[in-house]
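Text of entry36.txt, listed as compact mmCIF, C-alpha atoms and all ligand atoms:
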# COMPACT_ATOMS: atom_id res chain seq x y z
CA MET A 6 108.75 101.24 45.41
CA GLU A 7 110.64 104.27 44.17
CA LEU A 8 114.37 103.70 43.98
CA ASN A 9 116.21 106.48 45.75
CA LEU A 10 119.81 106.28 44.64
CA GLN A 11 120.88 108.73 47.32
CA GLU A 12 119.87 106.11 49.87
CA LEU A 13 122.17 103.57 48.30
CA ASN A 14 125.19 105.85 48.00
CA LYS A 15 126.98 104.53 51.03
CA THR A 16 130.60 104.75 49.97
CA GLU A 17 133.17 107.47 50.26
CA TYR A 18 133.60 107.76 46.48
CA PRO A 19 132.31 111.13 45.29
CA ILE A 20 129.82 111.13 42.42
CA PRO A 21 129.55 114.18 40.16
CA VAL A 22 126.37 116.12 40.91
CA ASP A 23 124.94 115.72 37.40
CA LEU A 24 125.24 111.91 37.68
CA GLN A 25 123.85 111.49 41.17
CA SER A 26 120.34 110.64 40.00
CA ASN A 27 121.62 107.98 37.60
CA VAL A 28 124.67 106.44 39.22
CA ALA A 29 125.20 104.90 42.62
CA ILE A 30 128.33 103.41 44.13
CA THR A 31 127.40 101.16 46.97
CA SER A 32 128.19 97.94 48.77
CA LEU A 33 126.70 94.51 48.19
CA SER A 34 125.28 94.52 51.74
CA SER A 35 123.44 97.79 51.12
CA VAL A 36 121.76 96.48 47.95
CA TYR A 37 120.94 93.19 49.64
CA ASN A 38 119.47 94.89 52.70
CA TRP A 39 117.61 97.42 50.58
CA GLY A 40 115.92 94.58 48.72
CA ARG A 41 114.98 92.72 51.89
CA ARG A 42 113.75 95.69 53.89
CA ASN A 43 111.43 96.78 51.10
CA SER A 44 109.86 93.41 50.38
CA MET A 45 109.06 92.17 53.86
CA TRP A 46 106.01 89.95 53.50
CA PRO A 47 104.16 89.36 56.78
CA MET A 48 102.28 86.16 57.47
CA LEU A 49 98.52 86.51 57.36
CA PHE A 50 97.28 85.53 60.77
CA GLY A 51 96.03 87.23 63.89
CA LEU A 52 95.47 85.99 67.42
CA ALA A 53 93.25 88.47 69.26
CA CYS A 54 92.23 92.13 69.54
CA CYS A 55 95.65 93.38 68.41
CA ALA A 56 94.98 91.73 65.07
CA ILE A 57 92.23 94.30 64.42
CA GLU A 58 94.82 97.07 64.68
CA MET A 59 97.11 95.11 62.39
CA ILE A 60 94.30 94.89 59.85
CA ALA A 61 93.75 98.64 60.19
CA THR A 62 97.46 99.19 59.54
CA ALA A 63 97.15 97.22 56.31
CA SER A 64 94.07 99.10 55.14
CA SER A 65 93.96 102.30 53.13
CA ARG A 66 94.14 104.91 55.91
CA PHE A 67 97.56 103.77 57.15
CA ASP A 68 98.59 101.41 54.38
CA PHE A 69 101.79 99.53 55.12
CA SER A 70 102.16 98.72 51.44
CA ARG A 71 104.18 101.95 51.44
CA PHE A 72 106.89 99.85 53.10
CA GLY A 73 106.62 96.97 50.63
CA MET A 74 104.66 94.90 53.12
CA GLU A 75 101.28 94.73 51.52
CA VAL A 76 101.65 91.17 50.33
CA MET A 77 100.46 89.35 53.43
CA ARG A 78 100.93 85.70 52.73
CA ALA A 79 98.58 82.98 53.93
CA THR A 80 101.39 80.46 53.99
CA PRO A 81 104.56 80.46 56.08
CA ARG A 82 106.62 79.30 53.12
CA GLN A 83 106.26 82.70 51.43
CA SER A 84 106.53 84.86 54.54
CA ASP A 85 109.47 86.83 55.92
CA LEU A 86 107.84 88.34 58.98
CA MET A 87 105.65 86.89 61.70
CA ILE A 88 103.60 89.59 63.44
CA VAL A 89 102.39 87.97 66.66
CA SER A 90 99.30 90.10 67.15
CA GLY A 91 97.44 89.12 70.27
CA THR A 92 97.29 86.88 73.28
CA VAL A 93 99.43 83.76 72.94
CA THR A 94 97.71 80.86 74.65
CA LYS A 95 99.42 77.61 75.52
CA LYS A 96 97.29 75.91 72.92
CA MET A 97 98.31 78.37 70.19
CA ILE A 98 102.05 78.51 70.88
CA VAL A 99 102.38 75.00 69.47
CA PRO A 100 101.16 75.89 65.93
CA ILE A 101 102.89 79.28 66.15
CA VAL A 102 106.29 77.64 66.64
CA ARG A 103 105.47 75.09 63.96
CA LEU A 104 104.59 77.90 61.51
CA TYR A 105 107.78 79.75 62.43
CA ASN A 106 109.81 76.66 61.63
CA GLN A 107 108.13 76.47 58.22
CA MET A 108 109.15 80.03 57.30
CA PRO A 109 112.29 80.22 55.17
CA GLU A 110 115.31 82.20 56.32
CA PRO A 111 115.78 85.13 56.65
CA LYS A 112 112.79 85.50 58.94
CA TYR A 113 111.81 87.95 61.61
CA VAL A 114 109.35 88.09 64.50
CA LEU A 115 107.52 91.17 65.75
CA ALA A 116 105.69 90.90 69.09
CA MET A 117 102.71 93.23 68.81
CA GLY A 118 101.11 94.42 72.03
CA ALA A 119 101.39 93.68 75.71
CA CYS A 120 100.06 90.12 75.38
CA ALA A 121 102.56 88.93 72.79
CA SER A 122 105.41 90.78 74.51
CA GLY A 123 104.84 89.61 78.07
CA GLY A 124 101.41 88.08 78.64
CA GLY A 125 99.62 91.43 79.04
CA PRO A 126 96.50 91.61 81.20
CA PHE A 127 96.23 87.80 81.07
CA LYS A 128 99.78 87.14 82.24
CA GLU A 129 98.68 85.27 85.34
CA GLY A 130 96.13 83.21 83.42
CA TYR A 131 96.49 79.46 83.58
CA ASN A 132 96.31 79.21 79.79
CA VAL A 133 98.50 82.12 78.69
CA VAL A 134 102.15 82.17 77.65
CA SER A 135 103.80 85.16 79.28
CA GLY A 136 105.53 86.39 76.17
CA VAL A 137 106.12 84.74 72.81
CA ASP A 138 109.85 85.32 73.33
CA LYS A 139 109.85 82.38 75.72
CA TYR A 140 109.77 80.25 72.58
CA LEU A 141 110.74 82.36 69.56
CA PRO A 142 113.49 84.91 68.93
CA VAL A 143 111.69 88.27 68.82
CA ASP A 144 113.30 91.08 66.81
CA VAL A 145 110.98 93.98 67.68
CA TYR A 146 108.54 94.54 70.54
CA VAL A 147 105.68 97.00 70.05
CA PRO A 148 104.15 98.08 73.39
CA GLY A 149 100.50 98.96 73.90
CA CYS A 150 97.15 97.33 74.57
CA PRO A 151 96.43 97.44 71.74
CA PRO A 152 99.20 99.34 69.94
CA THR A 153 97.83 101.87 67.49
CA PRO A 154 98.48 101.39 63.76
CA GLN A 155 101.04 104.18 64.05
CA ALA A 156 102.84 102.25 66.78
CA LEU A 157 102.89 99.12 64.65
CA MET A 158 104.28 101.09 61.74
CA TYR A 159 106.95 102.50 64.03
CA GLY A 160 107.84 98.91 64.95
CA LEU A 161 108.01 97.94 61.28
CA ILE A 162 110.31 100.88 60.58
CA ALA A 163 112.46 99.79 63.54
CA LEU A 164 112.70 96.36 61.94
CA GLN A 165 113.77 97.93 58.66
CA LYS A 166 116.47 99.85 60.50
CA LYS A 167 117.64 96.63 62.09
CA ILE A 168 117.93 95.05 58.64
CA ASP A 169 119.85 98.11 57.39
CA GLY A 170 122.41 97.50 60.10
CA GLN A 171 123.12 93.93 59.06
CA SER A 172 126.13 93.09 56.96
CA LEU A 173 126.99 90.20 54.69
CA ALA A 174 130.52 90.40 56.05
CA VAL A 175 129.39 89.49 59.58
CA GLY A 176 128.33 85.87 59.93
CA ASP A 177 126.17 86.54 63.00
CA ASP A 178 124.04 89.00 60.99
CA VAL A 179 123.26 86.47 58.27
CA PRO A 180 123.23 83.09 60.01
CA TRP A 181 121.05 81.63 57.24
CA TYR A 182 124.17 81.46 55.06
CA GLY A 183 125.80 79.16 57.57
CA VAL A 184 126.82 75.59 56.88
CA GLY A 185 123.81 73.28 56.53
CA PRO A 186 120.19 73.95 57.47
CA ALA A 187 119.47 75.79 60.71
CA ASP A 188 118.15 73.78 63.63
CA PRO A 189 114.37 74.13 63.94
CA THR A 190 113.01 75.68 67.11
CA PRO A 191 111.73 72.86 69.35
CA VAL A 192 107.93 72.72 69.19
CA PRO A 193 106.42 72.86 72.70
CA ILE A 194 104.35 69.90 73.87
CA LEU A 195 100.85 70.57 75.16
CA GLY A 196 99.86 68.20 77.95
CA PRO A 197 98.20 69.12 81.24
CA ASP A 198 100.51 72.13 80.94
CA ILE A 199 102.85 73.37 78.25
CA ILE A 200 106.26 71.70 78.17
CA ASP A 201 109.31 73.24 76.57
CA PRO A 202 111.44 70.40 75.13
CA ARG A 203 114.56 72.52 75.72
CA GLN A 204 114.00 72.06 79.45
CA MET A 205 113.65 68.29 79.37
CA ASP A 206 116.90 67.81 81.27
CA MET A 207 115.68 70.03 84.10
CA ILE A 208 112.31 68.23 84.17
CA ARG A 209 114.05 64.86 84.26
CA ARG A 210 116.29 65.96 87.11
CA GLN A 211 113.27 67.20 89.07
CA ALA A 212 111.43 63.92 88.51
CA GLU A 213 114.45 61.86 89.53
CA ALA A 214 114.99 63.99 92.61
CA ALA A 215 111.32 63.60 93.56
CA ALA A 216 111.40 59.83 93.02
CA GLY A 217 114.60 59.48 95.06
CA ARG A 218 113.19 61.08 98.18
CA GLU A 219 111.39 58.91 100.65
CA THR A 220 110.15 61.49 103.07
CA GLU A 221 110.26 64.59 100.92
CA GLU A 222 108.60 65.56 97.66
CA PRO A 223 108.30 68.73 95.49
CA VAL A 224 105.58 71.09 96.69
CA TYR A 225 103.25 70.54 93.74
CA ARG A 226 103.83 69.05 90.33
CA LEU A 227 101.81 71.88 88.79
CA ASP A 228 104.13 74.41 90.38
CA ALA A 229 107.11 72.81 88.75
CA ALA A 230 105.36 72.66 85.36
CA ARG A 231 104.39 76.33 85.55
CA ALA A 232 107.97 77.19 86.25
CA LEU A 233 109.13 75.68 82.97
CA PRO A 234 109.98 78.91 81.21
CA VAL A 235 112.15 79.91 84.18
CA PHE A 236 115.86 79.38 83.79
CA GLY A 237 118.68 79.59 86.29
CA ALA A 238 118.47 80.20 90.02
CA GLU A 239 114.68 80.43 90.27
CA ALA A 240 114.18 77.07 88.53
CA GLU A 241 116.77 75.52 90.82
CA ALA A 242 114.97 76.94 93.85
CA ILE A 243 111.69 75.37 92.71
CA ALA A 244 113.40 72.04 92.07
CA THR A 245 114.84 71.92 95.59
CA ARG A 246 111.86 73.39 97.50
CA THR A 247 110.40 70.59 99.59
CA VAL A 248 107.80 69.91 102.22
CA LYS A 249 107.67 67.22 104.86
CA LYS A 250 105.51 64.32 103.79
CA GLU A 251 103.25 62.48 106.17
CA ALA A 252 104.38 58.90 106.70
CA VAL A 253 102.18 56.70 104.51
CA LYS A 254 100.10 54.29 106.60
CA THR A 255 99.95 50.99 104.76
CA ASP A 256 98.78 47.60 106.00
CA VAL A 257 97.85 49.13 109.32
CA GLU A 258 95.75 46.21 110.46
CA VAL A 259 98.44 43.55 110.17
CA LYS A 260 101.05 45.87 111.66
CA SER A 261 98.87 46.65 114.64
CA PHE A 262 98.06 42.96 115.21
CA SER A 263 101.70 41.95 115.25
CA GLN A 264 102.70 45.03 117.23
CA ALA A 265 100.03 44.22 119.80
CA GLY A 266 101.60 40.79 120.29
CA MET A 267 98.49 38.80 119.21
CA ASP A 268 99.06 35.19 118.30
CA ALA A 269 97.92 33.68 114.98
CA ASP A 270 94.67 32.11 116.40
CA ALA A 271 93.53 35.38 117.95
CA ILE A 272 94.21 37.26 114.71
CA GLU A 273 92.24 34.67 112.71
CA ALA A 274 89.30 34.86 115.14
CA LEU A 275 89.23 38.64 114.93
CA ARG A 276 89.26 38.53 111.15
CA ALA A 277 86.43 35.95 111.09
CA LYS A 278 84.36 38.23 113.33
CA ARG A 279 85.00 41.20 111.04
CA ARG A 280 84.07 39.14 107.97
CA GLU A 281 80.84 38.08 109.63
CA ASN A 282 79.97 41.70 110.50
CA ALA A 283 80.75 42.80 106.94
CA LEU A 284 78.44 40.12 105.52
CA LYS A 285 75.65 41.21 107.87
CA ARG A 286 76.05 44.83 106.78
CA LYS A 287 75.96 43.78 103.13
CA ALA A 288 72.79 41.68 103.66
CA ALA A 289 71.10 44.61 105.42
CA ARG A 290 72.05 46.97 102.55
CA LEU A 291 70.69 44.60 99.92
CA ALA A 292 67.45 44.15 101.89
CA LYS A 293 67.07 47.93 102.10
CA GLU A 294 67.59 48.34 98.35
CA GLY A 295 64.92 45.72 97.75
S1 LIG A 301 97.62 93.50 74.15
FE1 LIG A 301 95.53 94.21 74.66
S2 LIG A 301 94.59 94.54 72.66
FE2 LIG A 301 96.39 93.23 72.31
S3 LIG A 301 95.63 91.14 72.39
FE3 LIG A 301 96.31 91.69 74.44
S4 LIG A 301 94.45 92.43 75.46
FE4 LIG A 301 94.04 92.46 73.26

Represent the structure of the file as structure tokens.
Ligand code: SF4
Amino acid sequence: MELNLQELNKTEYPIPVDLQSNVAITSLSSVYNWGRRNSMWPMLFGLACCAIEMIATASSRFDFSRFGMEVMRATPRQSDLMIVSGTVTKKMIVPIVRLYNQMPEPKYVLAMGACASGGGPFKEGYNVVSGVDKYLPVDVYVPGCPPTPQALMYGLIALQKKIDGQSLAVGDDVPWYGVGPADPTPVPILGPDIIDPRQMDMIRRQAEAAAGRETEEPVYRLDAARALPVFGAEAEAIATRTVKKEAVKTDVEVKSFSQAGMDADAIEALRAKRRENALKRKAARLAKEG
């Protein structure tokens, strides 16, 4: 990477013209950001068709090594950037979040394509997460289905500009220098449907509300599970939406006997008759089966 001192000259102190190619007066944040933006190592993984475009971006025709990104790492521990390139299924979001947690700070996420950004053409699919940002903090979204290599490079440049705007003096820009290790992102749980552990309280409330009702129950359990990524008013609406439940008919026979005012002898006689009929039916079935 060629060092352009003019890029680093960010202060108001004038530098004599004959020294400008040898001397730079700059801030610590500028040097720090310059180093990070030009050595952004993406993680080596792809999810679907968008990954082919990502591979094309890395190859010689487009070549994102010009941005210091050519060292794609096959381990999260040496990666700075996660390019989510493709459809995120409910099965895959679990290892994706786990890999993200294993990346050291500072780390960034780029959602490449319609699928990673919002579910894309498979948004309504039973197995698709409608946007990786439901689980991970996304820094840059690249639209398209698939985005061209040029579009991905534009997204990478946008990420570099974002890094340029960060400052060591602002704690929110560099949270990885905070006190103690950062909290890991909760890894979703894959059961019959995907469960976001951050919404456990809401799920528990829904379950308690459903258990507490005698004549009412939530519309469908699956509905509630699908609504997991929803926060706020819509989730509340799903939790409180109810339908009338048919009264459960249990122990009908005994109830009807007692309601009909039959005495104990009559009930016993009726039961003996039914037992006898049942035994006859069983004997006939066995005879038929040989
Ligand atoms: S956005 Fe389009 S090209 Fe990319 S993974 Fe989805 S369907 Fe494939």

Set the cut-off to 6 Å, count all atoms listed in the file, and list whatever residues fall near ligand LIG 301 (chain A) as a PDB file with C-alpha atoms, in the frame of the given file.
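Result written to out06.pdb:
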ATOM      1  CA  ALA A  53      93.250  88.470  69.260  1.00  0.00           C
ATOM      2  CA  CYS A  54      92.230  92.130  69.540  1.00  0.00           C
ATOM      3  CA  CYS A  55      95.650  93.380  68.410  1.00  0.00           C
ATOM      4  CA  GLY A  91      97.440  89.120  70.270  1.00  0.00           C
ATOM      5  CA  THR A  92      97.290  86.880  73.280  1.00  0.00           C
ATOM      6  CA  GLY A 118     101.110  94.420  72.030  1.00  0.00           C
ATOM      7  CA  ALA A 119     101.390  93.680  75.710  1.00  0.00           C
ATOM      8  CA  CYS A 120     100.060  90.120  75.380  1.00  0.00           C
ATOM      9  CA  GLY A 125      99.620  91.430  79.040  1.00  0.00           C
ATOM     10  CA  CYS A 150      97.150  97.330  74.570  1.00  0.00           C
ATOM     11  CA  PRO A 151      96.430  97.440  71.740  1.00  0.00           C
TER      12      PRO A 151
END

Have a look at atom CA of A:Val134 and atom CA of A:Gly149 and let me know their distance in Å, one decimal.
17.3 Å

Find the residues near A:Leu33: any atom within 12 Å, counting all atoms listed in the file, skip ones fewer than 6 places away on the same chain, and give them as a VMD selection string.
chain A and resid 13 to 16 39 to 40 171 to 174

Find, counting all atoms listed in the file, the residue in A:Ile162, A:Arg71, A:Lys112, A:Ile101 that gets nearest to A:Pro180.
A:Lys112

Expressed in Å, the length from atom CA of A:Ile194 to atom CA of A:Val99 is 7.0 Å

In Å to one decimal, how far is atom CA of A:Ser32 from atom CA of A:Ile20?
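Atom-to-atom, atom CA of A:Ile20 to atom CA of A:Ser32, that is 14.7 Å.
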
For A:Ala79, list every protein, DNA or RNA residue within 10 Å, evaluated using all atoms listed in the file, and leave out those in the same chain fewer than 3 positions away; present the list as number ranges by chain.
A: 47-50, 76, 82-84

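The residue that comes closest to A:Gly136, out of A:Arg42, A:Lys95, A:Lys293, A:Arg78 and on the basis of only C-alpha atoms, is A:Lys95.
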
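Distance check against A:Leu141 using only C-alpha atoms: of A:Leu275, A:Val28, A:Leu164, A:Val102, the minimum falls on A:Val102.
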
Here is a test: counting all atoms listed in the file, which residue of A:Ala56, A:Leu195, A:Tyr140, A:Ile88 is nearest to A:Thr153?
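The closest residue to A:Thr153 is A:Ala56.
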
Let me make sure I understand: among A:Ala63, A:Ile208, A:Ala277, A:Ala29, which one has the smallest atom-to-atom distance to A:Met158 if we use all atoms listed in the file?
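Going through A:Ala63, A:Ile208, A:Ala277, A:Ala29 one by one, the smallest distance to A:Met158 is for A:Ala63.
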
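Among the candidate residues A:Met207, A:Ile60, A:Val137, A:Leu291, the one lying nearest to A:Leu157 is A:Ile60, with distances computed using all atoms listed in the file.
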
Adding 5 Å on each side of the box along x, y and z that holds all listed atoms of stretch 89-96 of chain A, could you give its centre and edge lengths in Å to one decimal, as JSON?
{"center_x": 99.8, "center_y": 83.0, "center_z": 71.1, "size_x": 15.1, "size_y": 24.2, "size_z": 18.9}

Near-A:Val89 list (7 Å; all atoms listed in the file; drop same-chain fewer than 6 positions) as a ChimeraX atom specification:
/A:51,115-117,121
